[in-house]
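What follows is the content of data-v4.csv (CSV, C-alpha atoms).
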chain,number,residue,atom,x,y,z
A,1,MET,CA,45.7,-2.1,15.8
A,2,ILE,CA,46.6,1.5,16.2
A,3,ARG,CA,47.0,1.1,19.9
A,4,GLU,CA,49.4,-1.9,19.4
A,5,ILE,CA,51.4,0.1,16.8
A,6,ALA,CA,51.6,3.0,19.3
A,7,GLN,CA,53.0,0.6,22.0
A,8,ILE,CA,55.6,-0.7,19.7
A,9,THR,CA,56.8,2.6,18.3
A,10,GLY,CA,56.2,4.9,21.2
A,11,TYR,CA,54.3,7.4,19.0
A,12,SER,CA,50.8,8.5,20.0
A,13,GLU,CA,47.7,6.9,18.6
A,14,ASP,CA,46.7,10.2,17.1
A,15,TYR,CA,50.1,10.6,15.4
A,16,ILE,CA,49.9,7.1,13.9
A,17,SER,CA,46.3,7.3,12.8
A,18,ARG,CA,47.1,10.5,10.8
A,19,ARG,CA,50.1,9.0,9.1
A,20,GLU,CA,49.7,5.2,8.8
A,21,GLU,CA,48.4,4.7,5.3
A,22,SER,CA,49.4,7.7,3.3
A,23,LEU,CA,52.5,9.6,2.5
A,24,THR,CA,51.7,13.1,3.7
A,25,HIS,CA,51.9,16.0,1.2
A,26,SER,CA,53.7,14.8,-1.8
A,27,LEU,CA,56.3,12.2,-2.7
A,28,PHE,CA,59.0,14.9,-2.8
A,29,TYR,CA,58.0,16.2,0.7
A,30,ASP,CA,58.0,12.7,2.1
A,31,LEU,CA,61.3,11.8,0.5
A,32,ALA,CA,62.9,14.9,2.1
A,33,ASN,CA,61.3,14.4,5.5
A,34,GLN,CA,61.3,10.6,5.7
A,35,MET,CA,64.7,9.8,4.2
A,36,TYR,CA,67.0,12.8,4.5
A,37,GLY,CA,65.8,13.9,7.9
A,38,TYR,CA,67.1,10.7,9.6
A,39,SER,CA,70.4,9.0,9.8
A,40,PRO,CA,71.0,5.4,8.8
A,41,GLU,CA,71.0,4.6,12.5
A,42,LYS,CA,67.5,6.0,13.1
A,43,GLU,CA,64.5,4.9,11.2
A,44,SER,CA,62.0,7.5,10.0
A,45,PRO,CA,58.7,7.7,11.9
A,46,LYS,CA,56.8,6.6,8.8
A,47,ASP,CA,59.0,3.6,8.3
A,48,ALA,CA,58.9,2.7,12.0
A,49,ILE,CA,55.1,2.8,11.9
A,50,PHE,CA,55.0,0.6,8.8
A,51,GLU,CA,57.3,-2.0,10.4
A,52,ALA,CA,55.3,-2.0,13.6
A,53,GLN,CA,52.1,-2.2,11.6
A,54,SER,CA,53.5,-5.2,9.6
A,55,LYS,CA,54.3,-7.0,12.8
A,56,VAL,CA,50.8,-6.4,14.2
A,57,ILE,CA,49.1,-7.5,11.0
A,58,GLN,CA,51.2,-10.7,10.9
A,59,GLN,CA,50.4,-11.4,14.6
A,60,CYS,CA,46.7,-10.9,14.0
A,61,ALA,CA,46.7,-13.2,11.0
A,62,SER,CA,48.7,-15.9,12.7
A,63,LYS,CA,46.2,-16.1,15.6
A,64,GLY,CA,43.2,-17.0,13.4
A,65,ASP,CA,40.5,-15.5,11.3
A,66,CYS,CA,40.6,-11.8,10.9
A,67,VAL,CA,39.8,-9.0,8.4
A,68,ILE,CA,42.4,-6.4,7.7
A,69,VAL,CA,41.4,-3.4,5.5
A,70,GLY,CA,44.2,-1.7,3.6
A,71,ARG,CA,47.6,-1.1,5.2
A,72,CYS,CA,49.4,-3.0,2.5
A,73,SER,CA,48.1,-6.1,4.1
A,74,ASP,CA,47.9,-8.0,0.8
A,75,TYR,CA,51.7,-7.5,0.5
A,76,ILE,CA,52.5,-8.1,4.2
A,77,LEU,CA,50.6,-11.4,4.2
A,78,ARG,CA,51.5,-12.5,0.7
A,79,ASP,CA,53.3,-15.6,1.9
A,80,MET,CA,50.4,-16.9,4.1
A,81,ASP,CA,48.6,-19.8,2.4
A,82,ASN,CA,45.4,-19.3,4.3
A,83,CYS,CA,45.0,-15.6,3.4
A,84,LEU,CA,42.5,-14.3,0.9
A,85,SER,CA,43.3,-10.9,-0.4
A,86,LEU,CA,40.6,-8.7,-1.9
A,87,PHE,CA,40.5,-5.4,-3.8
A,88,LEU,CA,37.1,-3.7,-3.8
A,89,HIS,CA,36.6,-1.0,-6.3
A,90,ALA,CA,34.0,1.1,-8.0
A,91,PRO,CA,33.9,3.7,-10.8
A,92,LEU,CA,34.6,7.3,-9.9
A,93,GLU,CA,31.0,8.3,-10.5
A,94,THR,CA,29.7,5.7,-8.0
A,95,ARG,CA,32.3,6.6,-5.4
A,96,THR,CA,31.6,10.3,-5.9
A,97,LYS,CA,27.9,9.9,-5.2
A,98,ARG,CA,28.7,8.0,-2.0
A,99,ILE,CA,31.2,10.6,-0.8
A,100,MET,CA,28.8,13.4,-1.6
A,101,HIS,CA,26.2,11.7,0.5
A,102,ILE,CA,28.4,10.7,3.5
A,103,GLN,CA,30.5,13.9,3.7
A,104,HIS,CA,27.9,16.3,2.4
A,105,LEU,CA,30.2,17.6,-0.4
A,106,ASP,CA,29.4,18.9,-3.8
A,107,ASP,CA,30.4,16.9,-6.9
A,108,LYS,CA,33.7,18.8,-7.5
A,109,LYS,CA,34.9,18.5,-3.8
A,110,ALA,CA,33.9,14.9,-3.6
A,111,LYS,CA,35.9,14.0,-6.7
A,112,ALA,CA,38.9,16.0,-5.5
A,113,GLU,CA,38.8,14.2,-2.1
A,114,ILE,CA,38.6,10.8,-3.8
A,115,GLU,CA,41.5,11.6,-6.2
A,116,LYS,CA,43.6,12.9,-3.3
A,117,THR,CA,42.9,9.8,-1.2
A,118,ASP,CA,43.6,7.5,-4.1
A,119,ARG,CA,46.9,9.3,-4.9
A,120,ARG,CA,48.0,9.0,-1.2
A,121,ARG,CA,47.1,5.3,-1.0
A,122,ALA,CA,48.9,4.6,-4.3
A,123,GLU,CA,52.0,6.4,-3.3
A,124,ASN,CA,52.1,4.7,0.1
A,125,TYR,CA,51.5,1.3,-1.4
A,126,ARG,CA,54.2,1.9,-4.1
A,127,HIS,CA,56.7,3.2,-1.5
A,128,TYR,CA,56.4,0.1,0.8
A,129,THR,CA,55.6,-2.7,-1.7
A,130,HIS,CA,57.2,-1.5,-5.0
A,131,ARG,CA,53.9,-2.6,-6.6
A,132,ILE,CA,51.0,-0.8,-8.2
A,133,TRP,CA,48.0,-0.3,-5.9
A,134,GLY,CA,44.9,-2.0,-7.2
A,135,GLN,CA,46.7,-4.1,-9.8
A,136,ALA,CA,44.5,-7.2,-10.1
A,137,ASP,CA,47.3,-9.8,-10.1
A,138,HIS,CA,48.3,-8.8,-6.6
A,139,TYR,CA,44.9,-10.0,-5.2
A,140,ASP,CA,43.0,-13.3,-5.1
A,141,LEU,CA,39.8,-11.5,-5.9
A,142,CYS,CA,38.9,-8.0,-7.3
A,143,ILE,CA,35.2,-7.0,-7.1
A,144,ASP,CA,33.3,-4.1,-8.4
A,145,THR,CA,31.1,-3.0,-5.5
A,146,ARG,CA,28.4,-1.7,-7.9
A,147,LEU,CA,27.3,-5.4,-8.1
A,148,GLY,CA,25.8,-4.9,-4.6
A,149,LYS,CA,26.5,-5.9,-1.1
A,150,GLU,CA,25.0,-9.3,-1.3
A,151,PHE,CA,27.0,-10.2,-4.4
A,152,VAL,CA,30.2,-9.0,-2.7
A,153,LEU,CA,29.5,-11.0,0.4
A,154,ASP,CA,28.6,-14.2,-1.6
A,155,ALA,CA,31.7,-13.8,-3.7
A,156,VAL,CA,33.9,-13.5,-0.6
A,157,ARG,CA,32.2,-16.5,1.1
A,158,ASN,CA,32.6,-18.6,-2.0
A,159,ALA,CA,36.3,-17.7,-2.4
A,160,LEU,CA,36.9,-18.5,1.3
A,161,ALA,CA,35.1,-21.8,0.9
A,162,LEU,CA,37.3,-22.7,-2.1
A,163,ARG,CA,40.4,-21.5,-0.2
A,164,GLN,CA,39.7,-23.8,2.8
A,165,ASN,CA,39.2,-26.9,0.6

C-alpha cells encoding of this file:
Amino acid sequence: MIREIAQITGYSEDYISRREESLTHSLFYDLANQMYGYSPEKESPKDAIFEAQSKVIQQCASKGDCVIVGRCSDYILRDMDNCLSLFLHAPLETRTKRIMHIQHLDDKKAKAEIEKTDRRRAENYRHYTHRIWGQADHYDLCIDTRLGKEFVLDAVRNALALRQN
C-alpha cells in the first residue's frame, strides 16, 4: 500500500510510512505546517498522502477480499455494503504488558508510548473523518482482545458469515 501511495504522490516510501497515520507533533504544529504552509492551489503533503491512501484502499476493497488495518479505512469504506469494520481494543494494563514485552520497555515508558500513539491516532482520525476514534457506532463490531485470539477470530468469522447472507 505504501508503495502505491508513493507512486501516486511522488513522495518516498520512507516519508509516507513516517507520516501516514498520525499527525506529527501536536495539533497546533500540524495546523501550522499542514494548512498555513501551503496555498489553496497546493495540497499539503499530509493531505495528499491521505487522498492517495484513500484511493488505494478503495481500489483494494473493490478488487475483492482484503484486510486493511487502520488508516481511517472504516470511514473511507463506510459506503461499501460488503465491508465489515472492526475496532479491536484492550485495557491499558493489558496493552502496557504487551508493549513492555515486545519493545522491552518499563511500565512507565510503555504507558507513555501507548498514550502518545493513541493520541496521534485519535487526532489523525478526527482530522480526516470528523469523528471520534474508537467510538463503537462507527464500527460493525468492537472486540476486547483480552477475550483471546480464538474468540476474536470466531467473532470475525461469524460476523463475516452473517454479512455475506

Next item on the list: Counting only C-alpha atoms, write as a list in words all protein and nucleic acid residues lying at most 9 Å from (45.1, -1.4, 17.0) in the file's frame.
Entry: Met1, Ile2, Arg3, Glu4, Ile5, Ala6, Glu13, Gln53 and Val56 of chain A

Next item on the list: Skip range 85-97 of chain A itself and residues of its chain fewer than 6 positions away, then list as JSON, numbers by chain all residues within 10 Å of it, counting all atoms listed in the file.
Entry: {"A": [67, 68, 69, 70, 73, 74, 75, 77, 78, 104, 105, 106, 107, 108, 109, 110, 111, 112, 113, 114, 115, 133, 134, 135, 136, 138, 139, 140, 141, 142, 143, 144, 145, 146, 147, 152, 156, 159]}

Check: Closest to Cys72 in chain A among A:Leu160, A:Ile102, A:Ile57, A:Ile16, using all atoms listed in the file?
Finding: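 So, comparing all the options, the nearest one is A:Ile57.
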
Item checked: Pick from A:Lys149, A:Arg120, A:His130, A:Arg18 nearest to Pro45 in chain A, counting all atoms listed in the file -> A:Arg18

Check: CA of Leu84 in chain A and CA of Arg126 in chain A, how far apart in Å?
Finding: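 One can read the CA of Arg126 in chain A to CA of Leu84 in chain A distance as 20.6 Å.
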
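Between CA of Arg119 in chain A and CA of Arg131 in chain A lies a distance of 13.9 Å.
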
Could range 153-165 of chain A be completed with N, CA and C atoms and written as a PDB file, in the frame of the given file, please?
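Everything below was put into out.pdb:
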ATOM      1  N   LEU A 153      29.423 -10.087  -0.716  1.00  0.00           N
ATOM      2  CA  LEU A 153      29.500 -11.000   0.400  1.00  0.00           C
ATOM      3  C   LEU A 153      29.480 -12.490  -0.103  1.00  0.00           C
ATOM      4  N   ASP A 154      28.622 -12.794  -1.067  1.00  0.00           N
ATOM      5  CA  ASP A 154      28.600 -14.200  -1.600  1.00  0.00           C
ATOM      6  C   ASP A 154      29.897 -14.521  -2.305  1.00  0.00           C
ATOM      7  N   ALA A 155      30.473 -13.585  -3.049  1.00  0.00           N
ATOM      8  CA  ALA A 155      31.700 -13.800  -3.700  1.00  0.00           C
ATOM      9  C   ALA A 155      32.855 -14.115  -2.732  1.00  0.00           C
ATOM     10  N   VAL A 156      32.879 -13.349  -1.662  1.00  0.00           N
ATOM     11  CA  VAL A 156      33.900 -13.500  -0.600  1.00  0.00           C
ATOM     12  C   VAL A 156      33.691 -14.874   0.075  1.00  0.00           C
ATOM     13  N   ARG A 157      32.458 -15.175   0.443  1.00  0.00           N
ATOM     14  CA  ARG A 157      32.200 -16.500   1.100  1.00  0.00           C
ATOM     15  C   ARG A 157      32.575 -17.634   0.191  1.00  0.00           C
ATOM     16  N   ASN A 158      32.240 -17.560  -1.086  1.00  0.00           N
ATOM     17  CA  ASN A 158      32.600 -18.600  -2.000  1.00  0.00           C
ATOM     18  C   ASN A 158      34.106 -18.763  -2.166  1.00  0.00           C
ATOM     19  N   ALA A 159      34.796 -17.645  -2.255  1.00  0.00           N
ATOM     20  CA  ALA A 159      36.300 -17.700  -2.400  1.00  0.00           C
ATOM     21  C   ALA A 159      36.881 -18.273  -1.103  1.00  0.00           C
ATOM     22  N   LEU A 160      36.348 -17.903   0.046  1.00  0.00           N
ATOM     23  CA  LEU A 160      36.900 -18.500   1.300  1.00  0.00           C
ATOM     24  C   LEU A 160      36.628 -19.961   1.370  1.00  0.00           C
ATOM     25  N   ALA A 161      35.459 -20.398   0.947  1.00  0.00           N
ATOM     26  CA  ALA A 161      35.100 -21.800   0.900  1.00  0.00           C
ATOM     27  C   ALA A 161      36.099 -22.583   0.039  1.00  0.00           C
ATOM     28  N   LEU A 162      36.372 -22.040  -1.139  1.00  0.00           N
ATOM     29  CA  LEU A 162      37.300 -22.700  -2.100  1.00  0.00           C
ATOM     30  C   LEU A 162      38.728 -22.697  -1.478  1.00  0.00           C
ATOM     31  N   ARG A 163      39.101 -21.630  -0.801  1.00  0.00           N
ATOM     32  CA  ARG A 163      40.400 -21.500  -0.200  1.00  0.00           C
ATOM     33  C   ARG A 163      40.633 -22.559   0.898  1.00  0.00           C
ATOM     34  N   GLN A 164      39.562 -22.835   1.647  1.00  0.00           N
ATOM     35  CA  GLN A 164      39.700 -23.800   2.800  1.00  0.00           C
ATOM     36  C   GLN A 164      39.675 -25.225   2.304  1.00  0.00           C
ATOM     37  N   ASN A 165      39.224 -25.507   1.079  1.00  0.00           N
ATOM     38  CA  ASN A 165      39.200 -26.900   0.600  1.00  0.00           C
ATOM     39  C   ASN A 165      40.506 -27.310  -0.027  1.00  0.00           C
TER      40      ASN A 165
END
